[in-house]
$ cat input20.txt   # compact mmCIF, C-alpha atoms and all ligand atoms
# COMPACT_ATOMS: atom_id res chain seq x y z
CA MET D 372 0.00 0.00 0.00
CA THR D 373 1.11 3.56 -0.54
CA THR D 374 0.48 4.29 3.07
CA ARG D 375 2.30 7.54 3.65
CA ARG D 376 -0.84 9.38 2.64
CA ASN D 377 -2.66 7.45 5.30
CA PHE D 378 -0.77 8.78 8.24
CA LEU D 379 -3.22 11.52 9.14
CA ALA D 380 -6.19 9.24 8.75
CA GLY D 381 -4.45 6.66 10.91
CA ALA D 382 -3.53 9.20 13.53
CA ALA D 383 -7.07 10.52 13.58
CA THR D 384 -8.33 6.97 14.02
CA ALA D 385 -6.00 6.50 16.95
CA ALA D 386 -7.04 9.84 18.34
CA GLY D 387 -10.64 8.78 18.24
CA SER D 388 -9.95 6.01 20.70
CA ILE D 389 -8.25 8.16 23.29
CA ALA D 390 -10.09 10.08 25.97
CA LEU D 391 -9.06 13.53 27.09
CA GLY D 392 -7.96 15.09 30.30
CA LEU D 393 -5.80 12.39 31.42
CA ARG D 394 -2.78 12.03 33.41
CA THR D 395 -3.90 8.49 34.11
CA VAL D 396 -5.14 7.31 30.74
CA ALA D 397 -2.10 5.20 29.93
CA ALA D 398 -2.41 3.13 33.09
CA ALA D 399 -6.17 2.81 32.76
CA ALA D 400 -5.98 1.65 29.17
CA VAL D 401 -3.37 -1.06 29.69
CA PRO D 402 -4.60 -4.32 31.13
CA ASP D 403 -1.36 -6.22 30.51
CA ALA D 404 2.15 -5.72 31.81
CA THR D 405 3.56 -4.49 28.50
CA PRO D 406 5.28 -1.15 29.06
CA ARG D 407 3.47 1.63 27.29
CA ALA D 408 3.83 5.34 27.04
CA THR D 409 2.98 7.54 29.99
CA THR D 410 2.03 11.16 29.69
CA SER D 411 1.31 14.38 31.49
CA GLY D 412 -0.12 17.67 30.29
CA ALA D 413 -2.51 20.53 30.69
CA GLU D 414 -6.26 20.36 31.05
CA GLY D 415 -8.04 20.03 27.71
CA LEU D 416 -4.90 19.04 25.81
CA ASP D 417 -3.33 15.62 25.61
CA LEU D 418 -0.21 14.33 23.94
CA SER D 419 -0.72 10.78 22.75
CA VAL D 420 1.56 8.34 20.97
CA GLN D 421 0.91 6.03 18.07
CA PRO D 422 1.40 3.09 17.79
CA GLY D 423 0.54 1.62 21.19
CA ARG D 424 3.84 -0.25 21.42
CA VAL D 425 7.04 1.03 19.86
CA PHE D 426 9.57 -1.54 18.70
CA LYS D 427 13.14 -0.84 17.74
CA ARG D 428 14.89 -2.54 14.88
CA ARG D 429 18.56 -3.13 14.43
CA SER D 430 20.11 -2.01 11.14
CA ASP D 431 23.54 -2.50 9.65
CA ARG D 432 22.98 -0.30 6.62
CA ASN D 433 26.05 1.55 5.37
CA ALA D 434 28.08 -0.50 7.86
CA LEU D 435 26.57 1.54 10.68
CA ARG D 436 25.09 -0.48 13.50
CA THR D 437 22.05 1.46 14.60
CA ASP D 438 18.77 0.96 16.41
CA ASN D 439 15.84 2.51 14.55
CA TRP D 440 12.35 3.42 15.61
CA LEU D 441 9.47 5.54 14.54
CA PHE D 442 6.38 6.78 16.29
CA ASN D 443 3.92 9.60 15.98
CA LEU D 444 3.13 12.13 18.66
CA VAL D 445 -0.38 13.51 18.37
CA LEU D 446 -1.59 16.55 20.29
CA LEU D 447 -5.30 16.38 20.95
CA SER D 448 -7.35 19.32 22.10
CA ALA D 449 -10.87 19.72 23.41
CA SER D 450 -11.18 22.72 21.08
CA ASP D 451 -9.92 23.39 17.57
CA ASP D 452 -7.68 26.30 18.68
CA LYS D 453 -4.24 25.44 17.43
CA PRO D 454 -1.53 26.15 20.02
CA MET D 455 1.67 28.00 19.14
CA LEU D 456 4.48 25.46 19.07
CA ASP D 457 7.65 26.60 20.82
CA SER D 458 9.91 23.57 20.95
CA LEU D 459 10.10 19.83 21.12
CA VAL D 460 12.83 18.13 23.12
CA VAL D 461 13.50 14.44 22.47
CA ARG D 462 15.70 12.58 24.95
CA CYS D 463 17.00 9.06 24.35
CA LEU D 464 17.64 7.17 27.59
CA SER D 465 19.23 3.93 28.62
CA GLY D 466 18.57 2.57 32.09
CA GLY D 467 17.18 5.96 33.08
CA GLU D 468 20.27 7.89 31.95
CA VAL D 469 20.06 10.40 29.11
CA ARG D 470 22.28 9.29 26.23
CA ARG D 471 21.29 11.80 23.57
CA THR D 472 19.12 14.92 23.41
CA THR D 473 17.65 16.52 20.31
CA ILE D 474 16.05 19.94 20.52
CA TRP D 475 13.66 21.07 17.82
CA PRO D 476 13.34 24.86 18.22
CA ALA D 477 10.32 26.92 17.23
CA ALA D 478 11.71 27.64 13.77
CA VAL D 479 11.64 23.98 12.77
CA VAL D 480 9.29 22.30 15.20
CA GLY D 481 6.68 22.21 12.46
CA SER D 482 8.98 20.97 9.71
CA ALA D 483 11.93 18.65 9.08
CA ASN D 484 10.93 15.13 9.95
CA LEU D 485 8.24 16.51 12.18
CA LEU D 486 4.85 16.61 10.63
CA ALA D 487 2.78 19.57 11.71
CA ALA D 488 -0.86 18.86 11.14
CA ALA D 489 -3.62 21.31 10.42
CA PRO D 490 -6.62 21.11 12.74
CA MET D 491 -8.55 17.99 11.91
CA PRO D 492 -12.27 17.41 12.21
CA ALA D 493 -13.30 16.55 15.74
CA LYS D 494 -13.19 12.90 16.68
CA GLU D 495 -14.45 11.27 19.83
CA GLY D 496 -11.30 12.15 21.73
CA GLY D 497 -10.96 15.74 20.55
CA TRP D 498 -9.30 17.71 17.78
CA MET D 499 -5.90 16.77 16.49
CA VAL D 500 -4.14 20.13 16.56
CA ALA D 501 -0.58 18.96 15.91
CA ALA D 502 1.23 15.75 15.03
CA PHE D 503 4.90 14.93 14.91
CA ARG D 504 6.70 11.98 13.41
CA ILE D 505 9.63 10.97 15.57
CA ALA D 506 11.96 8.83 13.45
CA ASP D 507 15.37 8.07 14.84
CA ALA D 508 18.42 5.95 14.18
CA VAL D 509 21.00 6.01 16.95
CA PRO D 510 24.17 3.96 17.50
CA ALA D 511 23.16 0.57 18.89
CA ASP D 512 25.90 0.89 21.52
CA LEU D 513 23.82 3.56 23.26
CA ALA D 514 21.32 0.80 24.14
CA VAL D 515 18.42 3.22 24.17
CA ASP D 516 15.38 1.75 25.91
CA ARG D 517 13.20 4.82 26.36
CA VAL D 518 12.44 8.08 24.59
CA ASP D 519 11.15 11.04 26.57
CA CYS D 520 9.44 13.79 24.59
CA GLU D 521 8.79 17.25 25.95
CA LEU D 522 6.55 19.60 23.98
CA HIS D 523 6.41 23.30 24.82
CA CYS D 524 3.62 25.39 23.38
CA ARG D 525 1.36 28.34 24.14
CA THR D 526 -2.39 28.52 24.26
CA ALA D 527 -4.79 31.30 25.30
CA ASP D 528 -4.21 30.09 28.87
CA GLY D 529 -0.48 30.69 28.65
CA ALA D 530 2.59 28.46 28.33
CA GLN D 531 1.92 24.73 28.29
CA HIS D 532 4.29 21.86 28.77
CA PHE D 533 3.67 18.21 27.94
CA THR D 534 5.79 15.16 28.45
CA LYS D 535 5.54 11.72 26.99
CA SER D 536 7.68 8.79 27.99
CA VAL D 537 7.82 6.09 25.34
CA PRO D 538 9.38 2.70 26.17
CA LEU D 539 11.28 1.07 23.30
CA GLN D 540 10.95 -2.67 23.05
CA ALA D 541 12.55 -5.48 21.14
CA TYR D 542 9.99 -7.85 19.67
CA ALA D 543 10.33 -11.62 19.78
CA GLN D 544 8.48 -12.94 16.74
CA LYS D 545 6.34 -15.99 17.57
CA THR D 546 5.33 -17.25 14.15
CA ARG D 547 7.75 -18.89 11.70
CA LEU D 548 6.89 -17.19 8.42
CA VAL D 549 7.68 -18.17 4.87
CA PHE D 550 7.67 -15.54 2.17
CA PRO D 551 4.17 -15.15 0.67
CA PHE D 552 5.28 -16.25 -2.78
CA GLU D 553 7.86 -18.68 -4.11
CA GLY D 554 10.61 -17.89 -6.56
CA ARG D 555 12.50 -14.76 -7.48
CA GLY D 556 11.45 -11.33 -6.41
CA MET D 557 12.53 -7.90 -5.27
CA ILE D 558 11.49 -5.74 -2.35
CA SER D 559 9.85 -2.69 -3.92
CA GLN D 560 9.05 -0.90 -0.70
CA GLY D 561 10.26 -1.58 2.80
CA GLY D 562 9.20 -0.41 6.21
CA ALA D 563 9.06 3.01 7.77
CA TRP D 564 12.86 3.47 7.60
CA ASN D 565 12.95 2.63 3.92
CA ASP D 566 10.72 5.37 2.54
CA GLY D 567 7.50 3.51 2.82
CA HIS D 568 4.70 2.21 5.00
CA ARG D 569 4.75 4.77 7.77
CA ASN D 570 1.27 4.09 9.01
CA ARG D 571 0.47 2.45 12.30
CA SER D 572 0.09 -1.21 11.34
CA GLY D 573 2.38 -1.11 8.31
CA MET D 574 5.63 0.18 9.79
CA PHE D 575 7.35 -3.16 9.13
CA ALA D 576 5.42 -4.06 5.98
CA VAL D 577 7.01 -5.45 2.85
CA ASP D 578 6.00 -4.87 -0.77
CA ALA D 579 7.55 -7.26 -3.25
CA ILE D 580 7.29 -7.76 -6.99
CA GLY D 581 7.77 -11.13 -8.63
CA LEU D 582 10.64 -11.53 -11.09
CA ALA D 583 11.31 -13.97 -13.92
CA ASP D 584 14.05 -16.61 -13.76
CA LEU D 585 16.74 -14.15 -14.83
CA TYR D 586 15.40 -11.51 -12.46
CA ALA D 587 13.54 -9.67 -15.24
CA ALA D 588 10.63 -7.54 -14.04
CA MET D 589 8.56 -7.94 -17.21
CA HIS D 590 7.66 -10.91 -19.33
CA ALA D 591 5.95 -8.94 -22.10
CA GLN D 592 5.91 -5.48 -23.62
CA GLY D 593 3.15 -3.03 -22.87
CA ASP D 594 1.80 -1.15 -19.92
CA GLU D 595 -0.88 -3.58 -18.80
CA SER D 596 -0.52 -5.02 -15.30
CA SER D 597 -0.50 -8.49 -16.86
CA ALA D 598 2.87 -7.73 -18.53
CA ALA D 599 4.61 -7.80 -15.15
CA ALA D 600 6.56 -10.99 -14.49
CA GLY D 601 4.92 -11.53 -11.11
CA TRP D 602 1.33 -11.15 -12.32
CA GLY D 603 -0.71 -14.18 -11.31
CA ARG D 604 1.94 -15.83 -9.16
CA PRO D 605 0.35 -17.86 -6.36
CA ILE D 606 0.22 -16.04 -3.03
CA ILE D 607 0.65 -18.49 -0.18
CA ALA D 608 -0.10 -18.40 3.52
CA PRO D 609 3.12 -17.35 5.33
CA ALA D 610 2.03 -19.56 8.25
CA ALA D 611 -0.94 -21.62 9.34
CA GLY D 612 -3.98 -20.00 10.86
CA THR D 613 -7.61 -19.03 10.51
CA ILE D 614 -8.87 -16.59 7.90
CA VAL D 615 -10.51 -13.67 9.67
CA VAL D 616 -10.83 -11.24 6.74
CA ALA D 617 -11.19 -12.09 3.05
CA ARG D 618 -12.11 -9.67 0.28
CA ASN D 619 -12.25 -10.63 -3.37
CA ASP D 620 -14.40 -8.10 -5.25
CA ARG D 621 -12.03 -5.26 -6.05
CA PRO D 622 -10.88 -4.48 -9.60
CA ASP D 623 -7.19 -4.56 -10.53
CA GLN D 624 -5.37 -1.41 -11.55
CA PRO D 625 -5.14 -1.78 -15.33
CA VAL D 626 -2.06 0.36 -16.10
CA LEU D 627 1.48 -0.27 -14.87
CA GLY D 628 2.93 2.61 -12.90
CA VAL D 629 -0.43 4.16 -12.07
CA SER D 630 -2.37 3.79 -8.83
CA ASP D 631 -5.59 5.36 -10.03
CA PRO D 632 -7.85 6.55 -7.17
CA LYS D 633 -10.90 5.77 -9.24
CA PHE D 634 -10.28 2.10 -8.45
CA PHE D 635 -10.04 2.70 -4.68
CA VAL D 636 -12.83 1.74 -2.31
CA ALA D 637 -14.89 4.63 -1.00
CA GLU D 638 -13.46 4.23 2.53
CA PHE D 639 -9.94 5.10 1.41
CA PRO D 640 -10.30 7.74 -1.32
CA ASN D 641 -6.86 9.16 -0.54
CA GLY D 642 -4.96 5.90 -0.71
CA GLY D 643 -4.09 2.93 1.42
CA ASP D 644 -6.75 0.69 -0.12
CA PRO D 645 -5.56 -2.90 0.39
CA GLY D 646 -7.70 -4.15 -2.52
CA ASN D 647 -8.44 -7.86 -2.42
CA HIS D 648 -6.87 -8.93 0.83
CA VAL D 649 -6.76 -11.62 3.43
CA VAL D 650 -5.96 -11.58 7.13
CA ILE D 651 -4.75 -14.80 8.76
CA ASP D 652 -4.98 -15.16 12.53
CA HIS D 653 -1.93 -17.20 13.50
CA GLY D 654 -3.49 -17.93 16.88
CA ASN D 655 -0.83 -16.31 19.04
CA GLY D 656 -1.62 -12.63 18.85
CA GLU D 657 0.04 -12.32 15.44
CA PHE D 658 -1.90 -11.75 12.23
CA SER D 659 -0.71 -11.65 8.61
CA LEU D 660 -2.23 -9.14 6.21
CA LEU D 661 -1.77 -9.93 2.51
CA CYS D 662 -2.97 -7.31 0.01
CA HIS D 663 -3.57 -6.41 -3.65
CA MET D 664 -4.48 -9.86 -4.94
CA GLN D 665 -6.10 -10.28 -8.35
CA HIS D 666 -9.77 -9.63 -8.68
CA GLY D 667 -11.65 -12.88 -8.14
CA SER D 668 -8.54 -14.89 -7.27
CA VAL D 669 -8.96 -15.16 -3.49
CA LYS D 670 -9.85 -18.76 -2.76
CA VAL D 671 -10.24 -18.72 1.01
CA ALA D 672 -13.19 -17.62 3.11
CA GLU D 673 -13.55 -16.15 6.57
CA GLY D 674 -13.50 -18.85 9.23
CA GLN D 675 -11.48 -21.25 7.07
CA ARG D 676 -8.32 -22.88 8.39
CA VAL D 677 -5.21 -22.67 6.19
CA GLU D 678 -1.84 -24.38 6.40
CA GLN D 679 1.54 -22.78 5.84
CA GLY D 680 2.23 -22.60 2.11
CA GLN D 681 -1.40 -23.09 1.09
CA GLU D 682 -2.40 -20.99 -1.91
CA ILE D 683 -4.78 -18.20 -0.95
CA GLY D 684 -4.94 -16.11 -4.11
CA LEU D 685 -2.92 -14.70 -7.01
CA LEU D 686 -0.51 -11.79 -7.11
CA GLY D 687 -2.37 -8.81 -8.51
CA SER D 688 -2.68 -5.05 -8.45
CA SER D 689 -5.99 -4.27 -6.76
CA GLY D 690 -6.47 -1.30 -4.45
CA ASP D 691 -3.76 1.31 -3.97
CA SER D 692 -1.15 -0.35 -6.13
CA SER D 693 0.96 1.06 -8.93
CA SER D 694 2.28 -2.29 -10.12
CA PRO D 695 1.46 -5.93 -9.43
CA HIS D 696 2.96 -6.83 -6.06
CA VAL D 697 2.22 -8.47 -2.77
CA HIS D 698 2.03 -6.47 0.45
CA HIS D 699 2.61 -8.45 3.63
CA GLN D 700 2.67 -7.21 7.18
CA LEU D 701 2.54 -8.81 10.60
CA GLN D 702 0.20 -7.01 12.99
CA ASP D 703 -1.23 -7.55 16.46
CA GLY D 704 -4.93 -7.54 15.56
CA PRO D 705 -7.33 -8.44 12.76
CA HIS D 706 -7.88 -4.92 11.39
CA TRP D 707 -5.02 -3.02 9.78
CA THR D 708 -6.61 0.34 10.58
CA SER D 709 -6.40 -0.25 14.33
CA ALA D 710 -3.66 -2.86 14.84
CA ASP D 711 -0.05 -2.14 15.73
CA ALA D 712 2.78 -3.21 13.46
CA LEU D 713 5.02 -6.11 14.49
CA PRO D 714 8.59 -6.55 13.21
CA HIS D 715 9.03 -9.82 11.35
CA GLU D 716 11.52 -11.89 9.44
CA TYR D 717 11.13 -14.76 7.00
CA ALA D 718 12.59 -18.24 7.17
CA ASN D 719 13.31 -17.99 3.42
CA GLY D 720 13.55 -15.27 0.79
CA PRO D 721 14.67 -11.77 1.79
CA LYS D 722 16.78 -11.47 4.90
CA GLY D 723 17.40 -8.70 7.37
CA GLN D 724 15.88 -5.31 6.93
CA HIS D 725 13.71 -5.94 3.88
CA ASP D 726 15.15 -2.88 2.21
CA ARG D 727 13.88 -1.56 -1.10
CA GLY D 728 15.79 -3.04 -4.02
CA VAL D 729 16.86 -6.27 -2.33
CA PHE D 730 16.65 -9.27 -4.67
CA PHE D 731 15.79 -12.69 -3.32
CA ASN D 732 14.81 -16.19 -4.29
CA ALA D 733 12.20 -17.67 -1.94
CA VAL D 734 12.60 -21.46 -1.93
CA ARG D 735 10.68 -23.60 0.47
ZN ZN Y 801 2.52 -1.98 0.63
$ encode --input "input20.txt" --output "structure tokens"
Amino acid sequence: MTTRRNFLAGAATAAGSIALGLRTVAAAAVPDATPRATTSGAEGLDLSVQPGRVFKRRSDRNALRTDNWLFNLVLLSASDDKPMLDSLVVRCLSGGEVRRTTIWPAAVVGSANLLAAAPMPAKEGGWMVAAFRIADAVPADLAVDRVDCELHCRTADGAQHFTKSVPLQAYAQKTRLVFPFEGRGMISQGGAWNDGHRNRSGMFAVDAIGLADLYAAMHAQGDESSAAAGWGRPIIAPAAGTIVVARNDRPDQPVLGVSDPKFFVAEFPNGGDPGNHVVIDHGNGEFSLLCHMQHGSVKVAEGQRVEQGQEIGLLGSSGDSSSPHVHHQLQDGPHWTSADALPHEYANGPKGQHDRGVFFNAVR
């Protein structure tokens, strides 16, 4: 999915589930022992974090050993008055000690890799009056396990100060996954650190195209989706489980290189439409979402049990897709609009960070 455009919608969705006024909301909302963000702030304004759990990922790109993470800070207000933003201070901590501090002054607090949002329509939890994307890559040796954010702003009531403490976690994947197709392919879009998939449930998502035996991307001339080498390749279940979502009625994008909004479902007019898609409940709190399959090709139904490697549909280009590809993500719930992303690796096929441009051969 081309999910960057979805960030605001996703943030607004998250905002809708969060009550206001709340020094205690984090504790009240967390029934399990998983560490989650804690917050403090002024009456009528609340700084929330998305996703609910923030996982760090190790990277060795460019021979630099770093830990990477990304989350969104969302400032909710009981009114649509947008506060003046003065500064944002981001502290990386390890064992309670500050290891690195970044200060975003007023001049840039609404720019750079921070996303300043215009007032959004009111949701249940209030108005989203500002949002910031905190994306970081720090030396792994710093062993950062927490990020404290401090937002300074001014409202009609005077200077306001909000803090948010975000635990960083490593995730232990439970499900052994195989790549969702067999044979040669290439990652066409990686996770949030690879210029793609920055939305809540898709931060670790993979898009991959299928390639011919000699790694060619096309098997015919022309600009029809069917000219792509991966068109029609069987999409298989990455692991066993129960089908909890199955959609099969969406048309394919007809022209290579074009994700035409006129083929999107009405719910996602601005992008992010998964097209014909399937969600598999792996039975352990992990769910696989597989998107963009060919119109009419999905051969599983909700409630059905599937085994690892079982064919579930054909590689296509339905929904928000500019070329035939499969989108796969691991998430912690059945619905991609409300689930959190889970880092994942495959037992075969692409290794490591799933970076854009990586070639692989998935053999089972
Ligand atoms: Zn995608």
$ atom_distance --input "input20.txt" --atom1 "CA of Gly674 in chain D" --atom2 "CA of Arg621 in chain D"
20.5 Å
$ residues_around --input "input20.txt" --residues "Ile683 in chain D" --least-positions-apart "5" --cutoff "6 Å" --atoms "all atoms listed in the file" --output "list in words"
Ile606, Ile607, Val669, Lys670 and Val671 of chain D
$ residues_near_ligand --input "input20.txt" --ligand "ligand ZN 801 (chain Y)" --cutoff "9 Å" --atoms "only C-alpha atoms and all ligand atoms" --output "PDB file with C-alpha atoms, in the frame of the given file"
ATOM      1  CA  MET D 372       0.000   0.000   0.000  1.00  0.00           C
ATOM      2  CA  THR D 373       1.110   3.560  -0.540  1.00  0.00           C
ATOM      3  CA  THR D 374       0.480   4.290   3.070  1.00  0.00           C
ATOM      4  CA  SER D 559       9.850  -2.690  -3.920  1.00  0.00           C
ATOM      5  CA  GLN D 560       9.050  -0.900  -0.700  1.00  0.00           C
ATOM      6  CA  GLY D 561      10.260  -1.580   2.800  1.00  0.00           C
ATOM      7  CA  GLY D 562       9.200  -0.410   6.210  1.00  0.00           C
ATOM      8  CA  GLY D 567       7.500   3.510   2.820  1.00  0.00           C
ATOM      9  CA  HIS D 568       4.700   2.210   5.000  1.00  0.00           C
ATOM     10  CA  GLY D 573       2.380  -1.110   8.310  1.00  0.00           C
ATOM     11  CA  ALA D 576       5.420  -4.060   5.980  1.00  0.00           C
ATOM     12  CA  VAL D 577       7.010  -5.450   2.850  1.00  0.00           C
ATOM     13  CA  ASP D 578       6.000  -4.870  -0.770  1.00  0.00           C
ATOM     14  CA  ALA D 579       7.550  -7.260  -3.250  1.00  0.00           C
ATOM     15  CA  GLY D 643      -4.090   2.930   1.420  1.00  0.00           C
ATOM     16  CA  PRO D 645      -5.560  -2.900   0.390  1.00  0.00           C
ATOM     17  CA  CYS D 662      -2.970  -7.310   0.010  1.00  0.00           C
ATOM     18  CA  HIS D 663      -3.570  -6.410  -3.650  1.00  0.00           C
ATOM     19  CA  ASP D 691      -3.760   1.310  -3.970  1.00  0.00           C
ATOM     20  CA  SER D 692      -1.150  -0.350  -6.130  1.00  0.00           C
ATOM     21  CA  HIS D 696       2.960  -6.830  -6.060  1.00  0.00           C
ATOM     22  CA  VAL D 697       2.220  -8.470  -2.770  1.00  0.00           C
ATOM     23  CA  HIS D 698       2.030  -6.470   0.450  1.00  0.00           C
ATOM     24  CA  HIS D 699       2.610  -8.450   3.630  1.00  0.00           C
ATOM     25  CA  GLN D 700       2.670  -7.210   7.180  1.00  0.00           C
TER      26      GLN D 700
END
$ closest_residue --input "input20.txt" --among "D:Ala591, D:Val729, D:Ile580, D:Val518" --to "Leu686 in chain D" --atoms "all atoms listed in the file"
D:Ile580
$ axis_aligned_box --input "input20.txt" --around "range 716-733 of chain D" --padding-each-side "4 Å" --output "lines of an AutoDock Vina configuration file"
center_x = 14.3
center_y = -9.9
center_z = 2.4
size_x = 14.3
size_y = 24.7
size_z = 22.1
$ residues_around --input "input20.txt" --residues "Gly601 in chain D" --least-positions-apart "4" --cutoff "12 Å" --atoms "all atoms listed in the file" --output "ChimeraX atom specification"
/D:552-557,579-584,586-591,596-597,605-606,664-665,685-688,694-697
$ residues_around --input "input20.txt" --residues "Ala543 in chain D" --least-positions-apart "5" --cutoff "10 Å" --atoms "only C-alpha atoms" --output "count of residues only"
3
$ residues_around --input "input20.txt" --residues "Asp512 in chain D" --least-positions-apart "4" --cutoff "9 Å" --atoms "only C-alpha atoms" --output "list in words"
Arg436, Thr437 and Asp438 of chain D
$ closest_residue --input "input20.txt" --among "D:Ile651, D:Leu418, D:Val549, D:Leu464" --to "Ala449 in chain D" --atoms "only C-alpha atoms"
D:Leu418
$ atom_distance --input "input20.txt" --atom1 "CA of Gln540 in chain D" --atom2 "CA of Trp440 in chain D"
9.7 Å
$ residues_around --input "input20.txt" --residues "Gly704 in chain D" --least-positions-apart "2" --cutoff "8 Å" --atoms "only C-alpha atoms" --output "list of chain:residue names"
D:Gly656, D:Glu657, D:Phe658, D:Gln702, D:His706, D:Trp707, D:Ser709, D:Ala710, D:Asp711
$ write_last_selection --input "input20.txt" --atoms "C-alpha atoms" --output "PDB file, in the frame of the given file"
ATOM      1  CA  GLY D 656      -1.620 -12.630  18.850  1.00  0.00           C
ATOM      2  CA  GLU D 657       0.040 -12.320  15.440  1.00  0.00           C
ATOM      3  CA  PHE D 658      -1.900 -11.750  12.230  1.00  0.00           C
ATOM      4  CA  GLN D 702       0.200  -7.010  12.990  1.00  0.00           C
ATOM      5  CA  HIS D 706      -7.880  -4.920  11.390  1.00  0.00           C
ATOM      6  CA  TRP D 707      -5.020  -3.020   9.780  1.00  0.00           C
ATOM      7  CA  SER D 709      -6.400  -0.250  14.330  1.00  0.00           C
ATOM      8  CA  ALA D 710      -3.660  -2.860  14.840  1.00  0.00           C
ATOM      9  CA  ASP D 711      -0.050  -2.140  15.730  1.00  0.00           C
TER      10      ASP D 711
END
$ atom_distance --input "input20.txt" --atom1 "CA of Val615 in chain D" --atom2 "CA of Gly642 in chain D"
22.8 Å
$ closest_residue --input "input20.txt" --among "D:Pro705, D:Pro454, D:Gly690, D:Gly603" --to "Val636 in chain D" --atoms "all atoms listed in the file"
D:Gly690
$ closest_residue --input "input20.txt" --among "D:Leu585, D:Ala610, D:Ala637, D:Ala530" --to "Ala718 in chain D" --atoms "only C-alpha atoms"
D:Ala610
$ closest_residue --input "input20.txt" --among "D:Gln531, D:Asn443, D:Asn565, D:Ser458" --to "Ile505 in chain D" --atoms "all atoms listed in the file"
D:Asn443
$ decode --input "input20.txt" --residues "range 548-591 of chain D" --atoms "C-alpha atoms" --output "PDB file, in the first residue's frame"
ATOM      1  CA  LEU D 548       6.887 -17.195   8.422  1.00  0.00           C
ATOM      2  CA  VAL D 549       7.685 -18.166   4.873  1.00  0.00           C
ATOM      3  CA  PHE D 550       7.666 -15.535   2.173  1.00  0.00           C
ATOM      4  CA  PRO D 551       4.172 -15.150   0.670  1.00  0.00           C
ATOM      5  CA  PHE D 552       5.285 -16.247  -2.781  1.00  0.00           C
ATOM      6  CA  GLU D 553       7.860 -18.679  -4.109  1.00  0.00           C
ATOM      7  CA  GLY D 554      10.615 -17.889  -6.560  1.00  0.00           C
ATOM      8  CA  ARG D 555      12.498 -14.760  -7.476  1.00  0.00           C
ATOM      9  CA  GLY D 556      11.447 -11.327  -6.406  1.00  0.00           C
ATOM     10  CA  MET D 557      12.532  -7.896  -5.274  1.00  0.00           C
ATOM     11  CA  ILE D 558      11.487  -5.736  -2.345  1.00  0.00           C
ATOM     12  CA  SER D 559       9.847  -2.694  -3.922  1.00  0.00           C
ATOM     13  CA  GLN D 560       9.046  -0.900  -0.697  1.00  0.00           C
ATOM     14  CA  GLY D 561      10.263  -1.584   2.801  1.00  0.00           C
ATOM     15  CA  GLY D 562       9.201  -0.406   6.214  1.00  0.00           C
ATOM     16  CA  ALA D 563       9.062   3.008   7.771  1.00  0.00           C
ATOM     17  CA  TRP D 564      12.859   3.466   7.604  1.00  0.00           C
ATOM     18  CA  ASN D 565      12.952   2.630   3.924  1.00  0.00           C
ATOM     19  CA  ASP D 566      10.723   5.369   2.538  1.00  0.00           C
ATOM     20  CA  GLY D 567       7.498   3.511   2.823  1.00  0.00           C
ATOM     21  CA  HIS D 568       4.698   2.208   4.997  1.00  0.00           C
ATOM     22  CA  ARG D 569       4.751   4.774   7.770  1.00  0.00           C
ATOM     23  CA  ASN D 570       1.266   4.087   9.012  1.00  0.00           C
ATOM     24  CA  ARG D 571       0.468   2.447  12.303  1.00  0.00           C
ATOM     25  CA  SER D 572       0.094  -1.211  11.344  1.00  0.00           C
ATOM     26  CA  GLY D 573       2.376  -1.112   8.307  1.00  0.00           C
ATOM     27  CA  MET D 574       5.626   0.178   9.791  1.00  0.00           C
ATOM     28  CA  PHE D 575       7.350  -3.160   9.130  1.00  0.00           C
ATOM     29  CA  ALA D 576       5.417  -4.057   5.980  1.00  0.00           C
ATOM     30  CA  VAL D 577       7.010  -5.449   2.854  1.00  0.00           C
ATOM     31  CA  ASP D 578       5.999  -4.866  -0.766  1.00  0.00           C
ATOM     32  CA  ALA D 579       7.554  -7.260  -3.251  1.00  0.00           C
ATOM     33  CA  ILE D 580       7.294  -7.756  -6.995  1.00  0.00           C
ATOM     34  CA  GLY D 581       7.767 -11.126  -8.629  1.00  0.00           C
ATOM     35  CA  LEU D 582      10.640 -11.526 -11.091  1.00  0.00           C
ATOM     36  CA  ALA D 583      11.312 -13.971 -13.921  1.00  0.00           C
ATOM     37  CA  ASP D 584      14.047 -16.610 -13.762  1.00  0.00           C
ATOM     38  CA  LEU D 585      16.744 -14.147 -14.827  1.00  0.00           C
ATOM     39  CA  TYR D 586      15.403 -11.508 -12.464  1.00  0.00           C
ATOM     40  CA  ALA D 587      13.542  -9.674 -15.237  1.00  0.00           C
ATOM     41  CA  ALA D 588      10.629  -7.543 -14.041  1.00  0.00           C
ATOM     42  CA  MET D 589       8.560  -7.944 -17.208  1.00  0.00           C
ATOM     43  CA  HIS D 590       7.661 -10.913 -19.332  1.00  0.00           C
ATOM     44  CA  ALA D 591       5.954  -8.944 -22.105  1.00  0.00           C
TER      45      ALA D 591
END
